[in-house]
Amino acid sequence: MRGLDMPRPTDTAAWNELSKHADAIRGVQLRELFAKDPARAQRLVLHHDDLRVDLSKHRATDETLRLLTTLAEQCGVPAMRDRMFAGEPINDTEGRAVLHVALRNRSARPIVVDGEDVMPDVREVLDRMRAFADEVRSGALRGAKGDRITDVVNIGIGGSDLGPLMVCEALSPYWIGGPIRPHFVSNVDPAHLARTLHDLRPETTLFVVASKTFTTQETIANAKAARAWLVSALGEVAVRSHFVAVSTNHAKVGEFGIARERTFGFWDWVGGRYSLWSAIGMPIALAIGFEHFEALLAGAHGIDEHFRTAPLERNVPVVLAMLGVWYAAFFDAETFAVLPYSQALHRMPAWLQQGDMESNGKSVDRQSKRIEGYTTGPIVWGEPGTNGQHAFYQLLHQGTRLVPVDFLAPLEPEWPRPGTPEPLASMLRDQHTLLLANMIAQAEALMVGKSLEAVTRELEAQGLSKDAIDRLAPHKVFEGNRPSTTMTFRRLDPRTLGALLAIYEHRIFVQGVIWNVNSFDQWGVELGKQLAKTIEGELRGGPSQPHDASTAALVAEARSVIR
Ligand SMILES: O=P(O)(O)OC[C@H]1O[C@H](O)[C@H](O)[C@@H](O)[C@@H]1O
C-alpha cells in the first residue's frame with residue numbers, strides 16, 4: 001500500500017454490512033421509526049456551541065449510524081484527517097499539503113509543512129490584513145485625490161470570489177451603514193464589471209484583485225479593464241492607491257503593476273475553494289471589520305477542533321458526510337440540496353457547489369484507477385427558503401428521485417435592527433416567524449407525507465364524486481419518508497457562520513476519503529480552458545484549427561459577428 005492508499009469503500013466489511021442493512025431498511029417508514037421510538041428526536045441530535053443538528057428525520061437507525069461510523073474507520077477517515085492536520089502532502093497529484101485549517105488556527109499549536117511551522121507566516125499576513133483593513137475603514141488610508149474609500153470591488157472568480165461574496169452577503173448587517181460597501185466582479189462577461197462600475201466613483205473605489213495564480217483569464221481581463229477605468233479618470237499614478245492584490249504569485253502581481261507592500265500573500269497549501277480564511281478574505285475584513293473576520297476564523301477553528309477530537313459517532317461533519325454517503329450508495333441519490341431559510345445565506349449553495357463538486361466530482365481513485373461500483377460526489381444545489389418552495393419543492397415532495405436535503409435557519413431574525421420603528425419592527429419579526437414555520441413544516445411534510453386515505457377523506461368531505469376522487473386522489477398523495485437534516489442556531493453571526501462553513505468543508509473531506517478520491521486537485525477544469533485559448537485565437541482572426549463539425553460551425557458563426 002502506498003502512503004496515501006486507502007481501501008476502496010466497496011472492499012470493506014462495513015460496506016457489505018451496510019448494503020444488507022440498507023435492504024432491510026428501505027421499506028421502513030420514518031413515521032414508524034418515530035412511533036416506535038419517539039426518543040430518537042432527542043437522541044439523534046448533535047450539538048456544537050449553539051448549533052443544533054437534528055438527524056432524526058434520516059432514514060437511519062442507531063444501527064445505521066453505527067455501521068456508517070465503522071465504514072469511516074475502515075476507510076481510514078481518522079488517519080487521513082490526522083495527516084491533513086499534520087501538514088502531510090495529502091493532495092498527492094499536486095504534491096501539496098492541505099492546510100486551510102492553519103489559516104484559522106487560533107491555538108498556539110504549530111502546524112508544520114516540510115519541517116517548518118507555517119503559523120508565523122499566517123499570523124504575519126493576518127496582522128498586515130488587520131492594519132490595512134483598519135486604515136481603510138478609519139479613513140487613514142485614502143484614495144489618490146484624498147477621498148475616503150467607500151467601495152471595495154473584489155475582482156476574482158471561483159474560490160477567489162464565491163467564499164468572500166457568500167460571507168459578505170451572509171453578514172450584511174455587519175456592514176450596511178458602515179464605512180465600506182463590498183462588490184464582487186467575477187464573470188468575464190463585460191456586463192458584470194461595467195454594471196458594477198456604473199454606480200461607483202473612481203476617487204472612492206478600491207479594487208482587490210484576488211487570484212491564487214494571478215493567471216486566471218477572467219480575473220486578469222476584468223482587472224485590466226478596471227485599471228483602465230481608474231486611469232482614464234485619475235491617471236496612472238492612482239493605480240498605487242486604488243489597487244491591492246491577493247495572490248500566491250508575487251511575480252505576476254508585480255508585472256501587473258501592484259507593489260509588494262500592497263500585495264497580501266497566501267500559500268500553495270491553501271486550495272482556492274478553501275481560501276476565504278486567507279487573505280482572499282480581504283473584502284470581508286474590509287467590509288465587516290477585522291475583529292468580525294477573526295470571529296469568523298474562530299468559529300471555523302472551533303469546528304476544526306471538534307472534527308479533530310470528537311468521537312466519530314458524535315462528530316458533526318463526519319456524521320453528516322456519512323449520511324450523504326449512505327444515500328448516494330444505497331438509495332441512488334444523485335443530488336444533495338442545501339436549503340437555507342435565511343436570505344443572508346442565499347449564495348451559500350453556490351459556494352458549496354464549488355467546494356463540493358470541484359473536490360469530489362472525480363471518477364479516478366487514489367490508486368489512479370477508474371472508479372467502479374459506487375458513485376462519488378453528488379450534484380449540489382439549492383436556493384433559500386421560502387423561494388425554493390415556490391419553484392422546485394414539487395420535485396422534492398413528489399418526484400421519482402430521492403433528494404436528501406439540509407435545512408438551515410437562524411432562530412433569531414437579523415432584522416429588525418435596533419432603531420427600526422414600529423410597526424415595521426414587529427412586522428419584520430412576524431415575517432421571521434413565518435419563515436421558521438415554513439422550514440419546520442417542509443421537513444415535517446417531506447417525512448410524514450400524506451396517505452391516499454387521508455387525501456380521499458379530504459376529497460369526500462369536499463363532496464367530490466367517487467369517480468373524481470379516484471382520478472384526483474393519487475396526484476395529491478405525498479409518499480413521505482424523504483430525509484432531511486435540520487440545522488438551527490441562534491443567530492447568523494460571524495462565529496456561527498465560520499462554524500457552519502467549516503462543517504461543510506470537513507464533510508467534503510470525509511466523503512472524499514470514503515470515495516477514495518483526491519479532493520484537492522481539479523484537473524477537470526483544465527481542458528475547457530485550454531480549448532478556449534485555441535478558439536479565442538480563431539475568433540480574433542487567427543487561422544482555423546481542426547474541430548468537429550459542430551464546433552467549427554459555432555466558431556464560424558461567432559467569427560461572422562465579432563468585429
Ligand atoms: O484564484 P485563481 O488562481 O484565479 O483561481 C480561480 C479558480 O480558477 C480555477 O478554474 C479553479 O478551478 C478554481 O479552483 C479556482 O478557484
# chains A, B, ... in the order shown; residues from 1 in each chain; ligands from 1
call {"tool": "closest_atom_pairs", "arguments": {"of": "chain A", "to": "ligand 1", "cutoff": "6 Å", "atoms": "only C-alpha atoms and all ligand atoms", "output": "Markdown table"}}
result
| residue | atom | partner | partner_atom_place_in_ligand_line | distance |
| --- | --- | --- | --- | --- |
| A:Ile157 | CA | ligand 1 | 6 (C) | 5.0 |
| A:Gly158 | CA | ligand 1 | 16 (O) | 3.9 |
| A:Gly159 | CA | ligand 1 | 16 (O) | 3.5 |
| A:Ser160 | CA | ligand 1 | 1 (O) | 4.8 |
| A:Ser211 | CA | ligand 1 | 1 (O) | 3.4 |
| A:Lys212 | CA | ligand 1 | 1 (O) | 3.7 |
| A:Thr213 | CA | ligand 1 | 3 (O) | 3.7 |
| A:Phe214 | CA | ligand 1 | 3 (O) | 5.6 |
| A:Thr216 | CA | ligand 1 | 4 (O) | 4.5 |
| A:Gly272 | CA | ligand 1 | 16 (O) | 4.1 |
| A:Arg273 | CA | ligand 1 | 16 (O) | 5.3 |
| A:Gln522 | CA | ligand 1 | 12 (O) | 5.9 |
| A:Val525 | CA | ligand 1 | 12 (O) | 5.5 |
call {"tool": "write_last_selection", "arguments": {"atoms": "N, CA and C atoms", "output": "PDB file, in the first residue's frame"}}
result
ATOM      1  N   ILE A 157     -12.499  35.061  -9.285  1.00  0.00           N
ATOM      2  CA  ILE A 157     -13.504  34.084  -9.751  1.00  0.00           C
ATOM      3  C   ILE A 157     -13.270  32.766  -9.031  1.00  0.00           C
ATOM      4  N   GLY A 158     -14.278  31.914  -9.021  1.00  0.00           N
ATOM      5  CA  GLY A 158     -14.155  30.616  -8.343  1.00  0.00           C
ATOM      6  C   GLY A 158     -13.902  30.841  -6.861  1.00  0.00           C
ATOM      7  N   GLY A 159     -12.881  30.187  -6.349  1.00  0.00           N
ATOM      8  CA  GLY A 159     -12.566  30.318  -4.933  1.00  0.00           C
ATOM      9  C   GLY A 159     -12.148  31.723  -4.534  1.00  0.00           C
ATOM     10  N   SER A 160     -11.738  32.520  -5.500  1.00  0.00           N
ATOM     11  CA  SER A 160     -11.321  33.889  -5.189  1.00  0.00           C
ATOM     12  C   SER A 160     -12.497  34.855  -5.259  1.00  0.00           C
ATOM     13  N   SER A 211      -6.486  36.486  -6.914  1.00  0.00           N
ATOM     14  CA  SER A 211      -6.256  35.314  -7.756  1.00  0.00           C
ATOM     15  C   SER A 211      -5.062  34.549  -7.215  1.00  0.00           C
ATOM     16  N   LYS A 212      -5.293  33.305  -6.866  1.00  0.00           N
ATOM     17  CA  LYS A 212      -4.203  32.497  -6.327  1.00  0.00           C
ATOM     18  C   LYS A 212      -3.059  32.442  -7.336  1.00  0.00           C
ATOM     19  N   THR A 213      -3.391  32.175  -8.580  1.00  0.00           N
ATOM     20  CA  THR A 213      -2.342  32.005  -9.601  1.00  0.00           C
ATOM     21  C   THR A 213      -1.964  33.318 -10.278  1.00  0.00           C
ATOM     22  N   PHE A 214      -2.876  34.274 -10.259  1.00  0.00           N
ATOM     23  CA  PHE A 214      -2.754  35.544 -10.977  1.00  0.00           C
ATOM     24  C   PHE A 214      -2.568  35.324 -12.483  1.00  0.00           C
ATOM     25  N   THR A 216      -5.467  33.750 -14.065  1.00  0.00           N
ATOM     26  CA  THR A 216      -6.828  33.396 -14.486  1.00  0.00           C
ATOM     27  C   THR A 216      -7.360  34.436 -15.457  1.00  0.00           C
ATOM     28  N   GLY A 272      -7.946  26.866  -3.638  1.00  0.00           N
ATOM     29  CA  GLY A 272      -8.778  28.025  -3.983  1.00  0.00           C
ATOM     30  C   GLY A 272     -10.142  27.976  -3.321  1.00  0.00           C
ATOM     31  N   ARG A 273     -10.793  26.818  -3.360  1.00  0.00           N
ATOM     32  CA  ARG A 273     -12.160  26.723  -2.834  1.00  0.00           C
ATOM     33  C   ARG A 273     -12.194  26.672  -1.307  1.00  0.00           C
ATOM     34  N   GLN A 522      -8.094  19.663  -9.208  1.00  0.00           N
ATOM     35  CA  GLN A 522      -9.253  19.996 -10.053  1.00  0.00           C
ATOM     36  C   GLN A 522      -8.850  19.964 -11.518  1.00  0.00           C
ATOM     37  N   VAL A 525     -11.044  21.046 -14.728  1.00  0.00           N
ATOM     38  CA  VAL A 525     -11.359  22.384 -15.249  1.00  0.00           C
ATOM     39  C   VAL A 525     -10.383  22.796 -16.347  1.00  0.00           C
TER      40      VAL A 525
END
call {"tool": "select_by_dssp", "arguments": {"residues": "region 265-413 of chain A", "states": "helix (DSSP H, G or I)", "output": "PyMOL selection string"}}
result
chain A and resi 272-274+279-288+290-309+312-314+316-330+343-345+348-360+387-390+393-398
call {"tool": "closest_residue", "arguments": {"among": "A:Ala549, A:Ala468, A:Cys75, A:Leu320", "to": "Leu44 (chain A)", "atoms": "only C-alpha atoms"}}
result
A:Leu320
call {"tool": "residues_around", "arguments": {"residues": "Thr196 (chain A)", "least_positions_apart": "3", "cutoff": "9 Å", "atoms": "only C-alpha atoms", "output": "list in words"}}
result
Val153, His183, Phe184, Val185, Ala191, His192, Leu193, Asp199 and Leu200 of chain A
call {"tool": "closest_residue", "arguments": {"among": "A:Glu73, A:Asp82, A:Glu536, A:Asp11", "to": "Arg308 (chain A)", "atoms": "only C-alpha atoms"}}
result
A:Asp82
call {"tool": "residues_around", "arguments": {"residues": "Lys20 (chain A)", "least_positions_apart": "5", "cutoff": "12 Å", "atoms": "only C-alpha atoms", "output": "number ranges by chain"}}
result
A: 13-15, 25-26, 63-64, 67, 330
call {"tool": "write_last_selection", "arguments": {"atoms": "C-alpha atoms", "output": "compact mmCIF listing (two decimals), in the first residue's frame"}}
result
# COMPACT_ATOMS: atom_id res chain seq x y z
CA ALA A 13 -16.62 -5.30 5.59
CA ALA A 14 -18.71 -2.33 6.73
CA TRP A 15 -19.85 -1.56 3.16
CA ILE A 25 -34.38 -0.56 6.00
CA ARG A 26 -35.55 0.53 2.57
CA GLU A 63 -27.53 0.59 13.85
CA THR A 64 -27.20 2.55 10.59
CA LEU A 67 -22.28 0.91 10.66
CA PHE A 330 -27.73 2.71 -1.23
call {"tool": "closest_atom_pairs", "arguments": {"of": "region 158-261 of chain A", "to": "region 493-506 of chain A", "cutoff": "9 Å", "atoms": "only C-alpha atoms", "output": "Markdown table"}}
result
| residue | atom | partner | partner_atom | distance |
| --- | --- | --- | --- | --- |
| A:Val167 | CA | A:Leu497 | CA | 8.0 |
| A:Ala170 | CA | A:Leu497 | CA | 8.0 |
| A:Leu171 | CA | A:Pro494 | CA | 7.0 |
| A:Tyr174 | CA | A:Asp493 | CA | 8.8 |
call {"tool": "residues_around", "arguments": {"residues": "Gln389 (chain A)", "least_positions_apart": "5", "cutoff": "10 Å", "atoms": "only C-alpha atoms", "output": "number ranges by chain"}}
result
A: 339, 383-384, 394, 396, 438-439, 442
call {"tool": "write_last_selection", "arguments": {"atoms": "C-alpha atoms", "output": "PDB file, in the first residue's frame"}}
result
ATOM      1  CA  LEU A 339     -31.889  24.948   1.649  1.00  0.00           C
ATOM      2  CA  GLU A 383     -31.914  28.121  -3.060  1.00  0.00           C
ATOM      3  CA  PRO A 384     -33.003  29.927   0.048  1.00  0.00           C
ATOM      4  CA  GLN A 394     -42.764  19.874  -6.066  1.00  0.00           C
ATOM      5  CA  LEU A 396     -38.681  17.140  -3.573  1.00  0.00           C
ATOM      6  CA  ASN A 438     -42.302  27.139   6.703  1.00  0.00           C
ATOM      7  CA  MET A 439     -38.981  25.413   7.244  1.00  0.00           C
ATOM      8  CA  GLN A 442     -41.389  21.405   4.988  1.00  0.00           C
TER       9      GLN A 442
END
call {"tool": "closest_residue", "arguments": {"among": "A:His390, A:His58, A:His100, A:Arg559", "to": "Ser278 (chain A)", "atoms": "only C-alpha atoms"}}
result
A:His100
call {"tool": "residues_around", "arguments": {"residues": "Ser484 (chain A)", "least_positions_apart": "5", "cutoff": "12 Å", "atoms": "only C-alpha atoms", "output": "PyMOL selection string"}}
result
chain A and resi 30+53-60+320+323-324+327+336-339+396-397+402-408+439-448
call {"tool": "closest_residue", "arguments": {"among": "A:Pro164, A:Gly480, A:Gly399, A:Gly373", "to": "Pro182 (chain A)", "atoms": "only C-alpha atoms"}}
result
A:Pro164
call {"tool": "select_by_dssp", "arguments": {"residues": "region 197-250 of chain A", "states": "strand (DSSP E or B)", "output": "list in words"}}
result
Thr205, Leu206, Phe207, Val208, Val209, Ala210, Phe243, Val244, Ala245, Val246 and Ser247 of chain A
call {"tool": "write_last_selection", "arguments": {"atoms": "C-alpha atoms", "output": "mmCIF file, in the first residue's frame"}}
result
data_model
loop_
_atom_site.group_PDB
_atom_site.id
_atom_site.type_symbol
_atom_site.label_atom_id
_atom_site.label_comp_id
_atom_site.auth_asym_id
_atom_site.auth_seq_id
_atom_site.Cartn_x
_atom_site.Cartn_y
_atom_site.Cartn_z
ATOM 1 C CA THR A 205 -13.200 52.890 -5.070
ATOM 2 C CA LEU A 206 -10.591 50.325 -4.060
ATOM 3 C CA PHE A 207 -10.009 47.232 -6.195
ATOM 4 C CA VAL A 208 -8.880 43.955 -4.669
ATOM 5 C CA VAL A 209 -7.534 41.725 -7.430
ATOM 6 C CA ALA A 210 -7.831 38.246 -5.974
ATOM 7 C CA PHE A 243 -5.375 48.567 -6.289
ATOM 8 C CA VAL A 244 -4.316 45.778 -3.969
ATOM 9 C CA ALA A 245 -3.628 42.162 -4.869
ATOM 10 C CA VAL A 246 -4.179 38.871 -3.092
ATOM 11 C CA SER A 247 -2.158 36.064 -4.594
#
